[in-house]
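J.: Here you go, one structure.
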Amino acid sequence: MPIQAKIGPSILNADLANLAAESQKLLDNGADYLHLDVMDGAFVPNLTFGHPMVKCLRNHIKEAFFETHMMVQNPEQWIAPMADAGVNLYTFHVEPVKDVCNVTRKIQEAGMKVGLAIKPGTEVKEIEKYIDVADLVLVMTVEPGFGGQSFMADMMPKVEWLRNNYPNLDIEVDGGVGPKTIDCCAKAGANWIVSGTAVVGSADQRQVISELRNVVKSYLK
Ligand code: DX5
Ligand code: ZN
């Protein structure tokens, strides 16, 4: 199947005390999936939530596609509980991981899809040998840890390299992506778009989500 445009709002900057309602609102406004930012205070200097919260959210939202963006020191540790919580796509940072293939295999055995994430300082060549076992590659366009940061356009060569070499790969961008920066992401070849502040903080979420999707679609062959 040809790759598709998917828009996944990040709920990091939403009202986390109202996570279910905020998430449902995003889905009602056209979100294709939910991007759930899990931070452990070690891999990144911030803390968010873990599998107990994701499991509670899943109890409220039965159907939606959940991606967890695992900004954690030991992604292997959370595979089983996140699978149990109903996660569909387990995207983890390769930087702290010694045996990436071991982690990808365990994610698949747990019934989830595999996403490989790289920080701005990590070259795409460092994950080249794992791409065949991944369902998606996430190219961070900010330093992971916080929402609302400025988009790093100098990450686009990574996206272009991936798209040129892997025409059917799902390529995700995350960090500072919104109506002002989507064109450059889509042109480079990204098709899974995470957007936090630009969507969640908008008075018209539906319009922003639709605009982002239309720009991505306009570059898909
Ligand atoms: C940053 C997170 C992102 C972030 C996106 O560490 O991984 O998902 O919340 O938010 P914006 O779009 O505001 O940069
Ligand atoms: Zn994220």
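In the structure tokens, chains take letters A, B, ... by order of appearance, with residues numbered from 1 within each chain and ligands from 1 in the order shown.
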Just want the 8 Å neighbourhood of A:Gly50, counted on only C-alpha atoms, with same-chain residues fewer than 4 positions away dropped. Output as a list of chain:residue names.
T.: A:Val38, A:Met39, A:Val54
J.: Please identify every residue of chain A that has at least one atom no farther than 12 Å from an atom of ligand 2, counting only C-alpha atoms and all ligand atoms, and for each give the shortest atom pair and the distance in Å to one decimal, arranged by chain then increasing number, as a tab-separated table.
T.:
```
residue	atom	partner	partner_atom_place_in_ligand_line	distance
A:Gly8	CA	ligand 2	1 (Zn)	9.7
A:Pro9	CA	ligand 2	1 (Zn)	9.2
A:Ser10	CA	ligand 2	1 (Zn)	6.4
A:Ile11	CA	ligand 2	1 (Zn)	9.0
A:Leu12	CA	ligand 2	1 (Zn)	8.1
A:Asn13	CA	ligand 2	1 (Zn)	10.9
A:Leu34	CA	ligand 2	1 (Zn)	10.2
A:His35	CA	ligand 2	1 (Zn)	6.5
A:Leu36	CA	ligand 2	1 (Zn)	6.8
A:Asp37	CA	ligand 2	1 (Zn)	4.9
A:Val38	CA	ligand 2	1 (Zn)	8.0
A:Met39	CA	ligand 2	1 (Zn)	9.4
A:Val44	CA	ligand 2	1 (Zn)	11.6
A:Thr48	CA	ligand 2	1 (Zn)	11.3
A:Glu67	CA	ligand 2	1 (Zn)	9.3
A:Thr68	CA	ligand 2	1 (Zn)	8.0
A:His69	CA	ligand 2	1 (Zn)	5.3
A:Met70	CA	ligand 2	1 (Zn)	8.1
A:Met71	CA	ligand 2	1 (Zn)	8.0
A:Val72	CA	ligand 2	1 (Zn)	11.7
A:Tyr90	CA	ligand 2	1 (Zn)	11.6
A:Thr91	CA	ligand 2	1 (Zn)	9.2
A:Phe92	CA	ligand 2	1 (Zn)	10.1
A:His93	CA	ligand 2	1 (Zn)	10.6
A:Gly115	CA	ligand 2	1 (Zn)	11.7
A:Ala117	CA	ligand 2	1 (Zn)	9.5
A:Ile118	CA	ligand 2	1 (Zn)	11.1
A:Lys119	CA	ligand 2	1 (Zn)	10.8
A:Leu138	CA	ligand 2	1 (Zn)	8.9
A:Val139	CA	ligand 2	1 (Zn)	10.0
A:Met140	CA	ligand 2	1 (Zn)	8.0
A:Thr141	CA	ligand 2	1 (Zn)	9.8
A:Val142	CA	ligand 2	1 (Zn)	9.5
A:Glu143	CA	ligand 2	1 (Zn)	10.0
A:Pro144	CA	ligand 2	1 (Zn)	7.1
A:Gly145	CA	ligand 2	1 (Zn)	8.2
A:Phe146	CA	ligand 2	1 (Zn)	8.7
A:Gly147	CA	ligand 2	1 (Zn)	8.2
A:Gly148	CA	ligand 2	1 (Zn)	11.2
A:Gln149	CA	ligand 2	1 (Zn)	11.8
A:Glu172	CA	ligand 2	1 (Zn)	9.9
A:Val173	CA	ligand 2	1 (Zn)	8.7
A:Asp174	CA	ligand 2	1 (Zn)	5.7
A:Gly175	CA	ligand 2	1 (Zn)	7.0
A:Gly176	CA	ligand 2	1 (Zn)	10.3
A:Val177	CA	ligand 2	1 (Zn)	10.9
A:Trp192	CA	ligand 2	1 (Zn)	11.8
A:Ile193	CA	ligand 2	1 (Zn)	10.2
A:Val194	CA	ligand 2	1 (Zn)	7.1
A:Ser195	CA	ligand 2	1 (Zn)	8.6
A:Gly196	CA	ligand 2	1 (Zn)	8.4
A:Thr197	CA	ligand 2	1 (Zn)	11.5
```
J.: Among stretch 75-138 of chain A, which ones does DSSP place in alpha helix (DSSP H), written as a list in words?
T.: Ile79, Ala80, Pro81, Met82, Ala83, Asp84, Val100, Cys101, Asn102, Val103, Thr104, Arg105, Lys106, Ile107, Gln108 and Glu109 of chain A
J.: Can you write just those residues out, C-alpha atoms, as a short mmCIF file (atom, residue, chain, number, x, y, z; two decimals), in the first residue's frame?
T.:
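File written: again_32.cif
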```cif
data_model
loop_
_atom_site.label_atom_id
_atom_site.label_comp_id
_atom_site.auth_asym_id
_atom_site.auth_seq_id
_atom_site.Cartn_x
_atom_site.Cartn_y
_atom_site.Cartn_z
CA ILE A 79 7.50 -2.99 26.40
CA ALA A 80 5.25 -5.48 28.18
CA PRO A 81 3.31 -2.93 30.25
CA MET A 82 2.81 -0.65 27.25
CA ALA A 83 1.56 -3.56 25.15
CA ASP A 84 -0.81 -4.42 27.99
CA VAL A 100 18.54 -2.35 19.21
CA CYS A 101 17.54 -5.62 17.49
CA ASN A 102 16.73 -7.21 20.82
CA VAL A 103 14.37 -4.36 21.66
CA THR A 104 12.71 -4.33 18.24
CA ARG A 105 12.16 -8.09 18.42
CA LYS A 106 10.56 -7.85 21.87
CA ILE A 107 8.26 -5.04 20.72
CA GLN A 108 7.10 -7.19 17.81
CA GLU A 109 6.67 -10.25 20.02
#
```
J.: Among the residues of stretch 65-205 of chain A, find those DSSP assigns to strand (DSSP E) from the backbone and print them as a PyMOL selection string.
T.: chain A and resi 66-71+89-93+113-118+136-140+170-174+192-195
J.: Restricting it to N, CA, C and O atoms, dump the selection as a tab-separated table (two decimals), in the first residue's frame.
T.:
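Dumped to selection_28.tsv:
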```tsv
chain	number	residue	atom	x	y	z
A	66	PHE	N	-2.68	4.40	19.07
A	66	PHE	CA	-1.80	5.05	20.06
A	66	PHE	C	-0.34	4.79	19.71
A	66	PHE	O	0.09	3.65	19.59
A	67	GLU	N	0.41	5.88	19.58
A	67	GLU	CA	1.87	5.76	19.52
A	67	GLU	C	2.43	6.28	20.85
A	67	GLU	O	2.05	7.35	21.30
A	68	THR	N	3.32	5.51	21.47
A	68	THR	CA	4.05	6.07	22.60
A	68	THR	C	5.45	6.43	22.11
A	68	THR	O	6.15	5.60	21.52
A	69	HIS	N	5.84	7.66	22.36
A	69	HIS	CA	7.19	8.15	22.04
A	69	HIS	C	7.99	8.00	23.31
A	69	HIS	O	7.87	8.81	24.24
A	70	MET	N	8.81	6.95	23.36
A	70	MET	CA	9.49	6.57	24.60
A	70	MET	C	10.82	7.32	24.74
A	70	MET	O	11.84	6.90	24.19
A	71	MET	N	10.76	8.42	25.46
A	71	MET	CA	11.99	9.18	25.74
A	71	MET	C	12.51	8.72	27.10
A	71	MET	O	12.41	9.42	28.11
A	89	LEU	N	1.92	1.40	18.51
A	89	LEU	CA	3.25	1.69	17.94
A	89	LEU	C	4.16	2.16	19.06
A	89	LEU	O	3.84	3.15	19.74
A	90	TYR	N	5.26	1.42	19.24
A	90	TYR	CA	6.19	1.71	20.34
A	90	TYR	C	7.45	2.31	19.73
A	90	TYR	O	8.27	1.60	19.14
A	91	THR	N	7.56	3.63	19.83
A	91	THR	CA	8.68	4.34	19.21
A	91	THR	C	9.70	4.69	20.29
A	91	THR	O	9.36	5.38	21.26
A	92	PHE	N	10.92	4.19	20.13
A	92	PHE	CA	11.93	4.41	21.18
A	92	PHE	C	13.19	5.03	20.60
A	92	PHE	O	13.51	4.85	19.42
A	93	HIS	N	13.90	5.74	21.44
A	93	HIS	CA	15.18	6.32	21.05
A	93	HIS	C	16.27	5.27	21.08
A	93	HIS	O	16.41	4.55	22.07
A	113	LYS	N	3.83	-2.39	16.78
A	113	LYS	CA	4.70	-1.95	15.70
A	113	LYS	C	5.90	-1.23	16.31
A	113	LYS	O	5.83	-0.72	17.43
A	114	VAL	N	6.98	-1.16	15.49
A	114	VAL	CA	8.25	-0.62	15.98
A	114	VAL	C	8.56	0.73	15.33
A	114	VAL	O	8.57	0.85	14.11
A	115	GLY	N	8.84	1.72	16.18
A	115	GLY	CA	9.35	3.00	15.68
A	115	GLY	C	10.73	3.24	16.24
A	115	GLY	O	10.99	3.00	17.42
A	116	LEU	N	11.65	3.72	15.37
A	116	LEU	CA	13.01	4.06	15.81
A	116	LEU	C	13.14	5.57	15.80
A	116	LEU	O	12.89	6.20	14.77
A	117	ALA	N	13.53	6.14	16.92
A	117	ALA	CA	13.64	7.60	17.03
A	117	ALA	C	15.09	8.02	17.16
A	117	ALA	O	15.87	7.35	17.84
A	118	ILE	N	15.41	9.16	16.51
A	118	ILE	CA	16.76	9.72	16.66
A	118	ILE	C	16.69	11.20	17.06
A	118	ILE	O	15.89	11.97	16.53
A	136	LEU	N	8.51	2.41	11.30
A	136	LEU	CA	8.54	3.87	11.19
A	136	LEU	C	9.86	4.39	11.75
A	136	LEU	O	10.43	3.78	12.65
A	137	VAL	N	10.33	5.49	11.17
A	137	VAL	CA	11.49	6.19	11.75
A	137	VAL	C	11.05	7.59	12.13
A	137	VAL	O	10.41	8.30	11.34
A	138	LEU	N	11.36	7.98	13.37
A	138	LEU	CA	11.04	9.32	13.86
A	138	LEU	C	12.30	10.18	13.88
A	138	LEU	O	13.27	9.88	14.59
A	139	VAL	N	12.28	11.22	13.07
A	139	VAL	CA	13.38	12.20	13.05
A	139	VAL	C	12.96	13.38	13.93
A	139	VAL	O	12.03	14.12	13.58
A	140	MET	N	13.63	13.52	15.07
A	140	MET	CA	13.28	14.63	15.97
A	140	MET	C	13.72	15.95	15.36
A	140	MET	O	14.85	16.09	14.87
A	170	ASP	N	7.41	4.72	6.58
A	170	ASP	CA	6.72	5.79	7.29
A	170	ASP	C	7.76	6.61	8.04
A	170	ASP	O	8.50	6.09	8.88
A	171	ILE	N	7.83	7.90	7.70
A	171	ILE	CA	8.82	8.82	8.29
A	171	ILE	C	8.06	9.89	9.07
A	171	ILE	O	7.21	10.59	8.53
A	172	GLU	N	8.40	9.98	10.35
A	172	GLU	CA	7.70	10.90	11.25
A	172	GLU	C	8.63	12.04	11.66
A	172	GLU	O	9.82	11.81	11.87
A	173	VAL	N	8.06	13.22	11.78
A	173	VAL	CA	8.80	14.36	12.33
A	173	VAL	C	8.06	14.83	13.58
A	173	VAL	O	6.84	14.72	13.67
A	174	ASP	N	8.83	15.36	14.53
A	174	ASP	CA	8.25	15.73	15.82
A	174	ASP	C	9.06	16.85	16.44
A	174	ASP	O	10.26	16.70	16.67
A	192	TRP	N	4.29	11.09	8.48
A	192	TRP	CA	3.63	11.04	9.79
A	192	TRP	C	4.04	12.31	10.52
A	192	TRP	O	5.25	12.54	10.73
A	193	ILE	N	3.05	13.11	10.89
A	193	ILE	CA	3.35	14.45	11.40
A	193	ILE	C	2.84	14.58	12.83
A	193	ILE	O	1.64	14.49	13.09
A	194	VAL	N	3.80	14.79	13.74
A	194	VAL	CA	3.43	15.09	15.12
A	194	VAL	C	3.35	16.60	15.26
A	194	VAL	O	4.24	17.32	14.80
A	195	SER	N	2.29	17.06	15.89
A	195	SER	CA	2.17	18.49	16.13
A	195	SER	C	1.53	18.70	17.49
A	195	SER	O	0.42	18.19	17.73
```
J.: Need to verify the contact set: stretch 201-205 of chain A, 10 Å, only C-alpha atoms, exclusion of same-chain residues closer than 4 positions in sequence. Can you return it as a PyMOL selection string?
T.: chain A and resi 9+13-14+25-31+196-197+209-211
J.: Please indicate the distance in Å from atom CA of A:Leu16 to atom CA of A:Ala85, rounded to one decimal place.
T.: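 Interatomic distance, atom CA of A:Leu16 to atom CA of A:Ala85: 17.6 Å.
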J.: Please, what distance in Å, to one decimal, runs between atom CA of A:Glu128 and atom CA of A:Ala190?
T.: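 Result for atom CA of A:Glu128 versus atom CA of A:Ala190: 16.8 Å, one decimal.
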J.: For atom CA of A:Asn59 and atom CA of A:Glu22, determine how far apart the two atoms are, in Å to one decimal place.
T.: 14.5 Å
